[in-house]
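S.K.: Sharing data.cif here; it has mmCIF, N, CA and C atoms.
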```
data_data
#
loop_
_atom_site.label_atom_id
_atom_site.label_comp_id
_atom_site.auth_asym_id
_atom_site.auth_seq_id
_atom_site.Cartn_x
_atom_site.Cartn_y
_atom_site.Cartn_z
N MET A 15 0.84 -1.18 0.00
CA MET A 15 0.00 0.00 0.00
C MET A 15 0.89 1.24 0.00
N GLN A 16 0.57 2.18 -0.86
CA GLN A 16 1.27 3.46 -0.92
C GLN A 16 0.36 4.54 -0.33
N VAL A 17 0.82 5.20 0.72
CA VAL A 17 0.02 6.17 1.44
C VAL A 17 0.57 7.58 1.24
N ALA A 18 -0.31 8.49 0.86
CA ALA A 18 0.02 9.92 0.83
C ALA A 18 -0.50 10.50 2.14
N VAL A 19 0.32 11.27 2.82
CA VAL A 19 -0.07 11.86 4.10
C VAL A 19 -0.22 13.36 3.93
N ILE A 20 -1.36 13.87 4.34
CA ILE A 20 -1.62 15.31 4.33
C ILE A 20 -1.58 15.79 5.77
N ILE A 21 -0.78 16.82 6.02
CA ILE A 21 -0.67 17.39 7.37
C ILE A 21 -1.10 18.85 7.31
N PRO A 22 -2.35 19.15 7.70
CA PRO A 22 -2.80 20.54 7.75
C PRO A 22 -2.05 21.29 8.84
N ALA A 23 -1.42 22.41 8.47
CA ALA A 23 -0.64 23.20 9.42
C ALA A 23 -0.88 24.69 9.21
N ALA A 24 -2.10 25.04 8.80
CA ALA A 24 -2.40 26.43 8.46
C ALA A 24 -3.11 27.18 9.57
N GLY A 25 -3.37 26.52 10.69
CA GLY A 25 -4.11 27.16 11.78
C GLY A 25 -3.33 28.27 12.46
N ALA A 26 -4.05 29.09 13.17
CA ALA A 26 -3.44 30.24 13.85
C ALA A 26 -3.01 29.92 15.28
N SER A 27 -3.35 28.75 15.79
CA SER A 27 -3.02 28.36 17.17
C SER A 27 -3.50 29.40 18.16
N SER A 28 -4.66 29.97 17.92
CA SER A 28 -5.15 31.07 18.75
C SER A 28 -5.38 30.67 20.21
N ARG A 29 -5.76 29.43 20.47
CA ARG A 29 -5.95 28.98 21.85
C ARG A 29 -4.63 28.78 22.58
N PHE A 30 -3.53 28.76 21.85
CA PHE A 30 -2.21 28.52 22.44
C PHE A 30 -1.56 29.80 22.95
N GLY A 31 -2.14 30.94 22.65
CA GLY A 31 -1.56 32.21 23.07
C GLY A 31 -0.82 32.87 21.94
N ASP A 32 0.20 33.66 22.28
CA ASP A 32 0.91 34.43 21.26
C ASP A 32 2.11 33.70 20.66
N ARG A 33 2.32 32.45 21.04
CA ARG A 33 3.43 31.67 20.49
C ARG A 33 2.94 30.78 19.35
N ASP A 34 3.88 30.38 18.49
CA ASP A 34 3.57 29.46 17.40
C ASP A 34 3.70 28.04 17.93
N LYS A 35 2.58 27.36 18.09
CA LYS A 35 2.56 26.01 18.66
C LYS A 35 3.46 25.06 17.87
N LEU A 36 3.46 25.19 16.54
CA LEU A 36 4.23 24.26 15.72
C LEU A 36 5.73 24.44 15.86
N GLN A 37 6.17 25.58 16.39
CA GLN A 37 7.59 25.83 16.61
C GLN A 37 8.06 25.43 18.01
N GLU A 38 7.13 25.07 18.88
CA GLU A 38 7.50 24.70 20.25
C GLU A 38 8.48 23.53 20.23
N ASP A 39 9.49 23.63 21.07
CA ASP A 39 10.53 22.61 21.15
C ASP A 39 9.98 21.33 21.77
N LEU A 40 10.23 20.23 21.10
CA LEU A 40 9.84 18.93 21.61
C LEU A 40 11.04 18.00 21.41
N GLY A 41 11.84 17.88 22.45
CA GLY A 41 13.01 17.03 22.38
C GLY A 41 14.06 17.52 21.40
N GLY A 42 14.21 18.83 21.30
CA GLY A 42 15.25 19.39 20.45
C GLY A 42 14.82 19.75 19.03
N ARG A 43 13.58 19.46 18.69
CA ARG A 43 13.08 19.80 17.35
C ARG A 43 11.68 20.39 17.47
N PRO A 44 11.28 21.20 16.50
CA PRO A 44 9.93 21.78 16.54
C PRO A 44 8.85 20.71 16.47
N LEU A 45 7.73 20.99 17.09
CA LEU A 45 6.59 20.08 17.13
C LEU A 45 6.19 19.60 15.74
N LEU A 46 6.12 20.50 14.77
CA LEU A 46 5.75 20.11 13.40
C LEU A 46 6.71 19.08 12.84
N ILE A 47 8.00 19.26 13.07
CA ILE A 47 9.00 18.32 12.55
C ILE A 47 8.83 16.96 13.21
N ARG A 48 8.53 16.93 14.50
CA ARG A 48 8.28 15.67 15.20
C ARG A 48 7.09 14.93 14.58
N THR A 49 6.05 15.66 14.23
CA THR A 49 4.89 15.05 13.59
C THR A 49 5.28 14.44 12.25
N VAL A 50 6.03 15.20 11.45
CA VAL A 50 6.47 14.73 10.13
C VAL A 50 7.37 13.51 10.25
N GLU A 51 8.26 13.53 11.24
CA GLU A 51 9.23 12.44 11.40
C GLU A 51 8.58 11.08 11.59
N PHE A 52 7.44 11.05 12.25
CA PHE A 52 6.75 9.76 12.41
C PHE A 52 6.50 9.14 11.04
N PHE A 53 6.00 9.93 10.11
CA PHE A 53 5.62 9.40 8.79
C PHE A 53 6.83 9.10 7.91
N THR A 54 7.94 9.78 8.14
CA THR A 54 9.14 9.50 7.33
C THR A 54 9.72 8.13 7.65
N LYS A 55 9.37 7.58 8.80
CA LYS A 55 9.89 6.28 9.22
C LYS A 55 9.01 5.11 8.78
N ARG A 56 7.93 5.40 8.09
CA ARG A 56 7.00 4.37 7.66
C ARG A 56 7.21 4.04 6.19
N ASP A 57 7.45 2.76 5.90
CA ASP A 57 7.69 2.32 4.52
C ASP A 57 6.49 2.56 3.62
N GLU A 58 5.27 2.51 4.17
CA GLU A 58 4.06 2.67 3.38
C GLU A 58 3.86 4.10 2.88
N VAL A 59 4.47 5.05 3.56
CA VAL A 59 4.27 6.46 3.22
C VAL A 59 5.15 6.83 2.04
N SER A 60 4.50 7.17 0.94
CA SER A 60 5.22 7.52 -0.28
C SER A 60 5.27 9.02 -0.51
N GLN A 61 4.44 9.77 0.19
CA GLN A 61 4.38 11.22 -0.02
C GLN A 61 3.85 11.88 1.25
N ILE A 62 4.47 13.01 1.60
CA ILE A 62 4.01 13.81 2.73
C ILE A 62 3.81 15.23 2.21
N ILE A 63 2.61 15.76 2.46
CA ILE A 63 2.27 17.12 2.03
C ILE A 63 1.87 17.91 3.26
N VAL A 64 2.52 19.04 3.48
CA VAL A 64 2.15 19.93 4.58
C VAL A 64 1.48 21.16 3.99
N ALA A 65 0.29 21.47 4.48
CA ALA A 65 -0.46 22.65 4.03
C ALA A 65 -0.26 23.77 5.04
N GLY A 66 0.49 24.79 4.65
CA GLY A 66 0.82 25.90 5.53
C GLY A 66 -0.16 27.05 5.44
N PRO A 67 0.03 28.05 6.30
CA PRO A 67 -0.90 29.18 6.37
C PRO A 67 -0.75 30.12 5.17
N PRO A 68 -1.83 30.37 4.44
CA PRO A 68 -1.73 31.19 3.24
C PRO A 68 -1.33 32.64 3.50
N ALA A 69 -1.73 33.18 4.64
CA ALA A 69 -1.43 34.59 4.93
C ALA A 69 0.04 34.81 5.29
N SER A 70 0.73 33.76 5.71
CA SER A 70 2.13 33.91 6.12
C SER A 70 2.98 32.75 5.60
N MET A 71 2.73 32.38 4.35
CA MET A 71 3.43 31.23 3.79
C MET A 71 4.94 31.46 3.68
N SER A 72 5.35 32.68 3.36
CA SER A 72 6.79 32.93 3.24
C SER A 72 7.49 32.76 4.59
N GLY A 73 6.89 33.24 5.66
CA GLY A 73 7.46 33.06 6.99
C GLY A 73 7.45 31.60 7.41
N PHE A 74 6.40 30.89 7.04
CA PHE A 74 6.29 29.46 7.34
C PHE A 74 7.42 28.71 6.64
N ARG A 75 7.68 29.06 5.38
CA ARG A 75 8.78 28.44 4.62
C ARG A 75 10.13 28.75 5.27
N GLU A 76 10.29 29.99 5.75
CA GLU A 76 11.54 30.36 6.42
C GLU A 76 11.76 29.51 7.66
N ARG A 77 10.70 29.33 8.45
CA ARG A 77 10.82 28.59 9.72
C ARG A 77 11.00 27.09 9.50
N PHE A 78 10.28 26.53 8.56
CA PHE A 78 10.22 25.07 8.44
C PHE A 78 10.70 24.50 7.11
N GLY A 79 10.82 25.33 6.10
CA GLY A 79 11.11 24.84 4.75
C GLY A 79 12.33 23.96 4.64
N GLY A 80 13.43 24.35 5.25
CA GLY A 80 14.66 23.56 5.16
C GLY A 80 14.52 22.18 5.76
N GLN A 81 13.96 22.11 6.96
CA GLN A 81 13.80 20.82 7.63
C GLN A 81 12.77 19.95 6.92
N LEU A 82 11.70 20.56 6.44
CA LEU A 82 10.68 19.79 5.72
C LEU A 82 11.24 19.28 4.39
N SER A 83 12.00 20.10 3.72
CA SER A 83 12.62 19.70 2.46
C SER A 83 13.57 18.53 2.69
N PHE A 84 14.33 18.57 3.78
CA PHE A 84 15.24 17.48 4.13
C PHE A 84 14.50 16.15 4.21
N HIS A 85 13.25 16.21 4.70
CA HIS A 85 12.44 14.99 4.84
C HIS A 85 11.63 14.68 3.58
N GLY A 86 11.83 15.46 2.52
CA GLY A 86 11.12 15.20 1.27
C GLY A 86 9.67 15.65 1.27
N VAL A 87 9.34 16.54 2.16
CA VAL A 87 7.96 17.02 2.29
C VAL A 87 7.66 18.08 1.24
N GLU A 88 6.48 17.99 0.67
CA GLU A 88 5.99 19.01 -0.27
C GLU A 88 5.15 20.01 0.51
N LEU A 89 5.44 21.29 0.32
CA LEU A 89 4.68 22.35 0.98
C LEU A 89 3.67 22.94 0.01
N VAL A 90 2.44 23.10 0.47
CA VAL A 90 1.40 23.76 -0.32
C VAL A 90 0.74 24.81 0.56
N GLU A 91 0.08 25.73 -0.07
CA GLU A 91 -0.66 26.77 0.65
C GLU A 91 -1.98 26.19 1.11
N GLY A 92 -2.25 26.28 2.40
CA GLY A 92 -3.48 25.73 2.96
C GLY A 92 -4.64 26.71 2.87
N GLY A 93 -5.71 26.39 3.55
CA GLY A 93 -6.91 27.22 3.54
C GLY A 93 -6.83 28.37 4.52
N ALA A 94 -7.56 29.41 4.21
CA ALA A 94 -7.54 30.61 5.04
C ALA A 94 -8.43 30.52 6.26
N ASP A 95 -9.53 29.77 6.15
CA ASP A 95 -10.52 29.80 7.23
C ASP A 95 -10.78 28.47 7.92
N HIS A 96 -10.67 27.36 7.17
CA HIS A 96 -11.07 26.07 7.72
C HIS A 96 -10.07 24.99 7.34
N ARG A 97 -9.95 23.98 8.22
CA ARG A 97 -9.03 22.87 7.97
C ARG A 97 -9.38 22.12 6.68
N TRP A 98 -10.67 21.97 6.38
CA TRP A 98 -11.06 21.25 5.17
C TRP A 98 -10.49 21.92 3.92
N GLN A 99 -10.33 23.25 3.97
CA GLN A 99 -9.76 23.96 2.83
C GLN A 99 -8.29 23.57 2.64
N SER A 100 -7.59 23.39 3.74
CA SER A 100 -6.19 22.97 3.67
C SER A 100 -6.09 21.55 3.11
N VAL A 101 -6.97 20.68 3.57
CA VAL A 101 -6.96 19.31 3.08
C VAL A 101 -7.28 19.29 1.59
N LYS A 102 -8.27 20.07 1.18
CA LYS A 102 -8.64 20.14 -0.25
C LYS A 102 -7.47 20.62 -1.10
N ALA A 103 -6.79 21.65 -0.64
CA ALA A 103 -5.64 22.19 -1.38
C ALA A 103 -4.54 21.14 -1.50
N ALA A 104 -4.29 20.40 -0.43
CA ALA A 104 -3.25 19.38 -0.45
C ALA A 104 -3.65 18.18 -1.32
N LEU A 105 -4.93 17.85 -1.36
CA LEU A 105 -5.39 16.73 -2.18
C LEU A 105 -5.04 16.93 -3.65
N GLU A 106 -4.98 18.17 -4.08
CA GLU A 106 -4.64 18.46 -5.48
C GLU A 106 -3.20 18.07 -5.80
N SER A 107 -2.37 17.89 -4.77
CA SER A 107 -0.96 17.54 -4.98
C SER A 107 -0.67 16.06 -4.74
N VAL A 108 -1.67 15.28 -4.38
CA VAL A 108 -1.45 13.86 -4.10
C VAL A 108 -1.09 13.14 -5.39
N ASP A 109 -0.04 12.36 -5.32
CA ASP A 109 0.44 11.59 -6.47
C ASP A 109 -0.59 10.53 -6.86
N SER A 110 -0.74 10.30 -8.15
CA SER A 110 -1.74 9.34 -8.64
C SER A 110 -1.41 7.90 -8.26
N THR A 111 -0.19 7.64 -7.82
CA THR A 111 0.18 6.28 -7.43
C THR A 111 -0.25 5.93 -6.01
N ALA A 112 -0.73 6.91 -5.26
CA ALA A 112 -1.15 6.66 -3.88
C ALA A 112 -2.41 5.79 -3.85
N ASP A 113 -2.39 4.78 -2.99
CA ASP A 113 -3.56 3.91 -2.82
C ASP A 113 -4.57 4.52 -1.86
N CYS A 114 -4.06 5.30 -0.90
CA CYS A 114 -4.96 5.96 0.04
C CYS A 114 -4.29 7.23 0.57
N VAL A 115 -5.10 8.05 1.21
CA VAL A 115 -4.63 9.32 1.77
C VAL A 115 -4.94 9.32 3.26
N ALA A 116 -3.94 9.68 4.05
CA ALA A 116 -4.13 9.84 5.49
C ALA A 116 -4.01 11.32 5.80
N VAL A 117 -4.89 11.82 6.65
CA VAL A 117 -4.85 13.21 7.08
C VAL A 117 -4.56 13.21 8.57
N HIS A 118 -3.51 13.95 8.96
CA HIS A 118 -3.10 13.96 10.37
C HIS A 118 -2.75 15.38 10.78
N ASP A 119 -3.30 15.84 11.88
CA ASP A 119 -3.09 17.21 12.36
C ASP A 119 -1.62 17.47 12.70
N ALA A 120 -1.13 18.63 12.30
CA ALA A 120 0.27 18.99 12.50
C ALA A 120 0.68 19.04 13.97
N ALA A 121 -0.25 19.38 14.84
CA ALA A 121 0.07 19.56 16.26
C ALA A 121 -0.16 18.30 17.09
N ARG A 122 -0.19 17.14 16.45
CA ARG A 122 -0.39 15.88 17.16
C ARG A 122 0.76 14.92 16.85
N PRO A 123 1.91 15.08 17.52
CA PRO A 123 3.09 14.28 17.19
C PRO A 123 3.11 12.89 17.81
N ALA A 124 2.14 12.54 18.64
CA ALA A 124 2.24 11.30 19.42
C ALA A 124 1.48 10.12 18.82
N LEU A 125 1.39 10.05 17.52
CA LEU A 125 0.75 8.90 16.86
C LEU A 125 1.61 7.66 17.09
N SER A 126 0.97 6.56 17.42
CA SER A 126 1.74 5.33 17.67
C SER A 126 1.78 4.47 16.42
N GLY A 127 2.84 3.69 16.31
CA GLY A 127 2.97 2.77 15.19
C GLY A 127 1.85 1.74 15.16
N GLY A 128 1.44 1.26 16.34
CA GLY A 128 0.35 0.29 16.41
C GLY A 128 -0.97 0.85 15.90
N LEU A 129 -1.28 2.07 16.28
CA LEU A 129 -2.51 2.70 15.80
C LEU A 129 -2.46 2.89 14.29
N PHE A 130 -1.32 3.34 13.79
CA PHE A 130 -1.20 3.55 12.34
C PHE A 130 -1.31 2.21 11.60
N ASP A 131 -0.74 1.16 12.14
CA ASP A 131 -0.87 -0.17 11.54
C ASP A 131 -2.34 -0.57 11.45
N ARG A 132 -3.10 -0.35 12.53
CA ARG A 132 -4.52 -0.71 12.53
C ARG A 132 -5.30 0.13 11.53
N LEU A 133 -4.94 1.40 11.39
CA LEU A 133 -5.60 2.26 10.40
C LEU A 133 -5.35 1.76 8.99
N LEU A 134 -4.11 1.38 8.71
CA LEU A 134 -3.79 0.87 7.37
C LEU A 134 -4.51 -0.44 7.09
N LEU A 135 -4.59 -1.30 8.08
CA LEU A 135 -5.31 -2.56 7.92
C LEU A 135 -6.78 -2.30 7.61
N ALA A 136 -7.38 -1.40 8.37
CA ALA A 136 -8.79 -1.06 8.13
C ALA A 136 -8.97 -0.39 6.77
N ALA A 137 -8.02 0.47 6.39
CA ALA A 137 -8.11 1.18 5.10
C ALA A 137 -7.99 0.22 3.92
N SER A 138 -7.36 -0.93 4.13
CA SER A 138 -7.24 -1.90 3.04
C SER A 138 -8.57 -2.60 2.77
N ALA A 139 -9.49 -2.53 3.72
CA ALA A 139 -10.77 -3.22 3.57
C ALA A 139 -11.98 -2.29 3.49
N LEU A 140 -11.81 -1.05 3.90
CA LEU A 140 -12.94 -0.12 3.97
C LEU A 140 -12.65 1.15 3.16
N PRO A 141 -13.69 1.84 2.70
CA PRO A 141 -13.47 3.05 1.89
C PRO A 141 -12.98 4.25 2.69
N ALA A 142 -13.24 4.27 4.00
CA ALA A 142 -12.79 5.37 4.85
C ALA A 142 -12.70 4.88 6.29
N VAL A 143 -11.71 5.37 7.02
CA VAL A 143 -11.55 5.02 8.43
C VAL A 143 -11.17 6.25 9.23
N VAL A 144 -11.59 6.26 10.49
CA VAL A 144 -11.25 7.35 11.42
C VAL A 144 -10.89 6.70 12.74
N PRO A 145 -9.73 7.05 13.31
CA PRO A 145 -9.35 6.44 14.59
C PRO A 145 -10.11 7.07 15.75
N ALA A 146 -10.33 6.26 16.76
CA ALA A 146 -10.90 6.75 18.01
C ALA A 146 -10.19 6.01 19.13
N ILE A 147 -9.70 6.75 20.09
CA ILE A 147 -9.01 6.13 21.21
C ILE A 147 -9.68 6.58 22.50
N PRO A 148 -9.67 5.74 23.52
CA PRO A 148 -10.31 6.14 24.78
C PRO A 148 -9.55 7.27 25.46
N ILE A 149 -10.27 8.08 26.16
CA ILE A 149 -9.67 9.18 26.92
C ILE A 149 -9.12 8.58 28.21
N SER A 150 -7.87 8.93 28.53
CA SER A 150 -7.27 8.34 29.72
C SER A 150 -7.16 9.34 30.87
N GLY A 151 -7.41 10.59 30.61
CA GLY A 151 -7.31 11.59 31.65
C GLY A 151 -8.66 11.92 32.25
N THR A 152 -8.66 12.82 33.17
CA THR A 152 -9.90 13.26 33.83
C THR A 152 -10.52 14.37 33.00
N MET A 153 -11.84 14.28 32.83
CA MET A 153 -12.57 15.32 32.12
C MET A 153 -13.55 15.93 33.11
N LYS A 154 -13.66 17.24 33.09
CA LYS A 154 -14.59 17.93 33.98
C LYS A 154 -15.40 18.92 33.16
N VAL A 155 -16.63 19.07 33.51
CA VAL A 155 -17.49 20.03 32.87
C VAL A 155 -17.58 21.23 33.82
N VAL A 156 -17.27 22.41 33.29
CA VAL A 156 -17.32 23.62 34.10
C VAL A 156 -18.45 24.48 33.55
N GLY A 157 -19.34 24.90 34.40
CA GLY A 157 -20.53 25.65 33.96
C GLY A 157 -20.26 27.05 34.00
#
```
Starting from the coordinates I provided, produce the structure as structure tokens.
M.R.:
Amino acid sequence: MQVAVIIPAAGASSRFGDRDKLQEDLGGRPLLIRTVEFFTKRDEVSQIIVAGPPASMSGFRERFGGQLSFHGVELVEGGADHRWQSVKAALESVDSTADCVAVHDAARPALSGGLFDRLLLAASALPAVVPAIPISGTMKVVG
């Protein structure tokens, strides 16, 4: 199976405050790079496309372009208002040899190999799959 991975990274991280969440250090590398690195280690992944913020694409390229290029990542301009716009823009760059497309949020670097294996297995038999994992922390409702 040949998998094209789309990583939407065009969000403003407004809930994170005035810092760029994707640039936050995670073990010596930016969060975005950690997310990309997971997919570079998978034999099934034939293409990685990162959809960056259209309003500040040049700055995004300055911050991440070199490291993303090192990993063979293709950068495209994402959507201005919604994540689906970024995914749509990236879909236009998916290679025709891809058997399936995986979409994974840029700010979620902790994907496990086991979960990805199960997703690929399900994708080989079903037209679409979405992972769901149990919540392990405490959740509280505040009124």
S.K.: Rounded to one decimal, what separation in Å do you get between atom CA of Gly79 of chain A and atom CA of Gly92 of chain A?
M.R.: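 Atom CA of Gly92 of chain A lies 14.7 Å from atom CA of Gly79 of chain A.
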S.K.: Enumerate, as a list of chain:residue names, the residues matched when the PyMOL selection byres ((chain A and resi 53-58) around 6.5) is run on the file above.
M.R.: A:Met15, A:Gln16, A:Val17, A:Ala18, A:Thr49, A:Val50, A:Glu51, A:Phe52, A:Val59, A:Ser60, A:Gln61
S.K.: Would you write out those residues with N, CA and C atoms, as an mmCIF file, keeping the file's coordinate frame?
M.R.:
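Result saved to out.cif:
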```
data_model
loop_
_atom_site.group_PDB
_atom_site.id
_atom_site.type_symbol
_atom_site.label_atom_id
_atom_site.label_comp_id
_atom_site.auth_asym_id
_atom_site.auth_seq_id
_atom_site.Cartn_x
_atom_site.Cartn_y
_atom_site.Cartn_z
ATOM 1 N N MET A 15 0.840 -1.180 0.000
ATOM 2 C CA MET A 15 0.000 0.000 0.000
ATOM 3 C C MET A 15 0.890 1.240 0.000
ATOM 4 N N GLN A 16 0.570 2.180 -0.860
ATOM 5 C CA GLN A 16 1.270 3.460 -0.920
ATOM 6 C C GLN A 16 0.360 4.540 -0.330
ATOM 7 N N VAL A 17 0.820 5.200 0.720
ATOM 8 C CA VAL A 17 0.020 6.170 1.440
ATOM 9 C C VAL A 17 0.570 7.580 1.240
ATOM 10 N N ALA A 18 -0.310 8.490 0.860
ATOM 11 C CA ALA A 18 0.020 9.920 0.830
ATOM 12 C C ALA A 18 -0.500 10.500 2.140
ATOM 13 N N THR A 49 6.050 15.660 14.230
ATOM 14 C CA THR A 49 4.890 15.050 13.590
ATOM 15 C C THR A 49 5.280 14.440 12.250
ATOM 16 N N VAL A 50 6.030 15.200 11.450
ATOM 17 C CA VAL A 50 6.470 14.730 10.130
ATOM 18 C C VAL A 50 7.370 13.510 10.250
ATOM 19 N N GLU A 51 8.260 13.530 11.240
ATOM 20 C CA GLU A 51 9.230 12.440 11.400
ATOM 21 C C GLU A 51 8.580 11.080 11.590
ATOM 22 N N PHE A 52 7.440 11.050 12.250
ATOM 23 C CA PHE A 52 6.750 9.760 12.410
ATOM 24 C C PHE A 52 6.500 9.140 11.040
ATOM 25 N N VAL A 59 4.470 5.050 3.560
ATOM 26 C CA VAL A 59 4.270 6.460 3.220
ATOM 27 C C VAL A 59 5.150 6.830 2.040
ATOM 28 N N SER A 60 4.500 7.170 0.940
ATOM 29 C CA SER A 60 5.220 7.520 -0.280
ATOM 30 C C SER A 60 5.270 9.020 -0.510
ATOM 31 N N GLN A 61 4.440 9.770 0.190
ATOM 32 C CA GLN A 61 4.380 11.220 -0.020
ATOM 33 C C GLN A 61 3.850 11.880 1.250
#
```
S.K.: Expressed in Å to a single decimal, how great is the separation between atom CA of Leu134 of chain A and atom N of Ile149 of chain A?
M.R.: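 Calculated distance between atom CA of Leu134 of chain A and atom N of Ile149 of chain A is 21.1 Å.
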S.K.: So, counting only C-alpha atoms, which residue among A:Val115, A:Val155, A:Leu82, A:Ala121 is closest to Ala24 of chain A?
M.R.: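 Going through A:Val115, A:Val155, A:Leu82, A:Ala121 one by one, the smallest distance to Ala24 of chain A is for A:Ala121.
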S.K.: Determine the nearest neighbour of Gln37 of chain A from the options A:Ala137, A:Arg77, A:Met153, A:Ser72, counting all atoms listed in the file.
M.R.: A:Arg77
S.K.: Pull out every residue that the PyMOL selection byres (((chain A and resi 66 and name CA) around 12) and name CA) matches in the shown coordinates and put them as number ranges by chain.
M.R.: A: 20-26, 36, 46, 63-65, 67-79, 82, 87-94, 97, 99-101, 103-104, 119-120
S.K.: I need the chosen residues saved as a short mmCIF file (atom, residue, chain, number, x, y, z; two decimals), in the frame of the given file, with N, CA and C atoms.
M.R.:
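Wrote out.cif, looks like this:
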```cif
data_model
loop_
_atom_site.label_atom_id
_atom_site.label_comp_id
_atom_site.auth_asym_id
_atom_site.auth_seq_id
_atom_site.Cartn_x
_atom_site.Cartn_y
_atom_site.Cartn_z
N ILE A 20 -1.36 13.87 4.34
CA ILE A 20 -1.62 15.31 4.33
C ILE A 20 -1.58 15.79 5.77
N ILE A 21 -0.78 16.82 6.02
CA ILE A 21 -0.67 17.39 7.37
C ILE A 21 -1.10 18.85 7.31
N PRO A 22 -2.35 19.15 7.70
CA PRO A 22 -2.80 20.54 7.75
C PRO A 22 -2.05 21.29 8.84
N ALA A 23 -1.42 22.41 8.47
CA ALA A 23 -0.64 23.20 9.42
C ALA A 23 -0.88 24.69 9.21
N ALA A 24 -2.10 25.04 8.80
CA ALA A 24 -2.40 26.43 8.46
C ALA A 24 -3.11 27.18 9.57
N GLY A 25 -3.37 26.52 10.69
CA GLY A 25 -4.11 27.16 11.78
C GLY A 25 -3.33 28.27 12.46
N ALA A 26 -4.05 29.09 13.17
CA ALA A 26 -3.44 30.24 13.85
C ALA A 26 -3.01 29.92 15.28
N LEU A 36 3.46 25.19 16.54
CA LEU A 36 4.23 24.26 15.72
C LEU A 36 5.73 24.44 15.86
N LEU A 46 6.12 20.50 14.77
CA LEU A 46 5.75 20.11 13.40
C LEU A 46 6.71 19.08 12.84
N ILE A 63 2.61 15.76 2.46
CA ILE A 63 2.27 17.12 2.03
C ILE A 63 1.87 17.91 3.26
N VAL A 64 2.52 19.04 3.48
CA VAL A 64 2.15 19.93 4.58
C VAL A 64 1.48 21.16 3.99
N ALA A 65 0.29 21.47 4.48
CA ALA A 65 -0.46 22.65 4.03
C ALA A 65 -0.26 23.77 5.04
N PRO A 67 0.03 28.05 6.30
CA PRO A 67 -0.90 29.18 6.37
C PRO A 67 -0.75 30.12 5.17
N PRO A 68 -1.83 30.37 4.44
CA PRO A 68 -1.73 31.19 3.24
C PRO A 68 -1.33 32.64 3.50
N ALA A 69 -1.73 33.18 4.64
CA ALA A 69 -1.43 34.59 4.93
C ALA A 69 0.04 34.81 5.29
N SER A 70 0.73 33.76 5.71
CA SER A 70 2.13 33.91 6.12
C SER A 70 2.98 32.75 5.60
N MET A 71 2.73 32.38 4.35
CA MET A 71 3.43 31.23 3.79
C MET A 71 4.94 31.46 3.68
N SER A 72 5.35 32.68 3.36
CA SER A 72 6.79 32.93 3.24
C SER A 72 7.49 32.76 4.59
N GLY A 73 6.89 33.24 5.66
CA GLY A 73 7.46 33.06 6.99
C GLY A 73 7.45 31.60 7.41
N PHE A 74 6.40 30.89 7.04
CA PHE A 74 6.29 29.46 7.34
C PHE A 74 7.42 28.71 6.64
N ARG A 75 7.68 29.06 5.38
CA ARG A 75 8.78 28.44 4.62
C ARG A 75 10.13 28.75 5.27
N GLU A 76 10.29 29.99 5.75
CA GLU A 76 11.54 30.36 6.42
C GLU A 76 11.76 29.51 7.66
N ARG A 77 10.70 29.33 8.45
CA ARG A 77 10.82 28.59 9.72
C ARG A 77 11.00 27.09 9.50
N PHE A 78 10.28 26.53 8.56
CA PHE A 78 10.22 25.07 8.44
C PHE A 78 10.70 24.50 7.11
N GLY A 79 10.82 25.33 6.10
CA GLY A 79 11.11 24.84 4.75
C GLY A 79 12.33 23.96 4.64
N LEU A 82 11.70 20.56 6.44
CA LEU A 82 10.68 19.79 5.72
C LEU A 82 11.24 19.28 4.39
N VAL A 87 9.34 16.54 2.16
CA VAL A 87 7.96 17.02 2.29
C VAL A 87 7.66 18.08 1.24
N GLU A 88 6.48 17.99 0.67
CA GLU A 88 5.99 19.01 -0.27
C GLU A 88 5.15 20.01 0.51
N LEU A 89 5.44 21.29 0.32
CA LEU A 89 4.68 22.35 0.98
C LEU A 89 3.67 22.94 0.01
N VAL A 90 2.44 23.10 0.47
CA VAL A 90 1.40 23.76 -0.32
C VAL A 90 0.74 24.81 0.56
N GLU A 91 0.08 25.73 -0.07
CA GLU A 91 -0.66 26.77 0.65
C GLU A 91 -1.98 26.19 1.11
N GLY A 92 -2.25 26.28 2.40
CA GLY A 92 -3.48 25.73 2.96
C GLY A 92 -4.64 26.71 2.87
N GLY A 93 -5.71 26.39 3.55
CA GLY A 93 -6.91 27.22 3.54
C GLY A 93 -6.83 28.37 4.52
N ALA A 94 -7.56 29.41 4.21
CA ALA A 94 -7.54 30.61 5.04
C ALA A 94 -8.43 30.52 6.26
N ARG A 97 -9.95 23.98 8.22
CA ARG A 97 -9.03 22.87 7.97
C ARG A 97 -9.38 22.12 6.68
N GLN A 99 -10.33 23.25 3.97
CA GLN A 99 -9.76 23.96 2.83
C GLN A 99 -8.29 23.57 2.64
N SER A 100 -7.59 23.39 3.74
CA SER A 100 -6.19 22.97 3.67
C SER A 100 -6.09 21.55 3.11
N VAL A 101 -6.97 20.68 3.57
CA VAL A 101 -6.96 19.31 3.08
C VAL A 101 -7.28 19.29 1.59
N ALA A 103 -6.79 21.65 -0.64
CA ALA A 103 -5.64 22.19 -1.38
C ALA A 103 -4.54 21.14 -1.50
N ALA A 104 -4.29 20.40 -0.43
CA ALA A 104 -3.25 19.38 -0.45
C ALA A 104 -3.65 18.18 -1.32
N ASP A 119 -3.30 15.84 11.88
CA ASP A 119 -3.09 17.21 12.36
C ASP A 119 -1.62 17.47 12.70
N ALA A 120 -1.13 18.63 12.30
CA ALA A 120 0.27 18.99 12.50
C ALA A 120 0.68 19.04 13.97
#
```
S.K.: Can you tell me how far atom CA of Leu135 of chain A sits from atom C of Cys114 of chain A, in Å to one decimal?
M.R.: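 For atom CA of Leu135 of chain A relative to atom C of Cys114 of chain A, the distance reads 12.3 Å.
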S.K.: Once the PyMOL selection byres (((chain A and resi 126 and name CA) around 12) and name CA) is applied to the coordinates I shared, what remains selected? I want it as an MDAnalysis selection string.
M.R.: chainID A and resid 49 52:53 55:56 122:125 127:133 145 147
S.K.: Which is closest to Val19 of chain A among A:Val156, A:Gly151, A:Val108, A:Trp98, if we use only N, CA and C atoms?
M.R.: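 Closest candidate: A:Val108.
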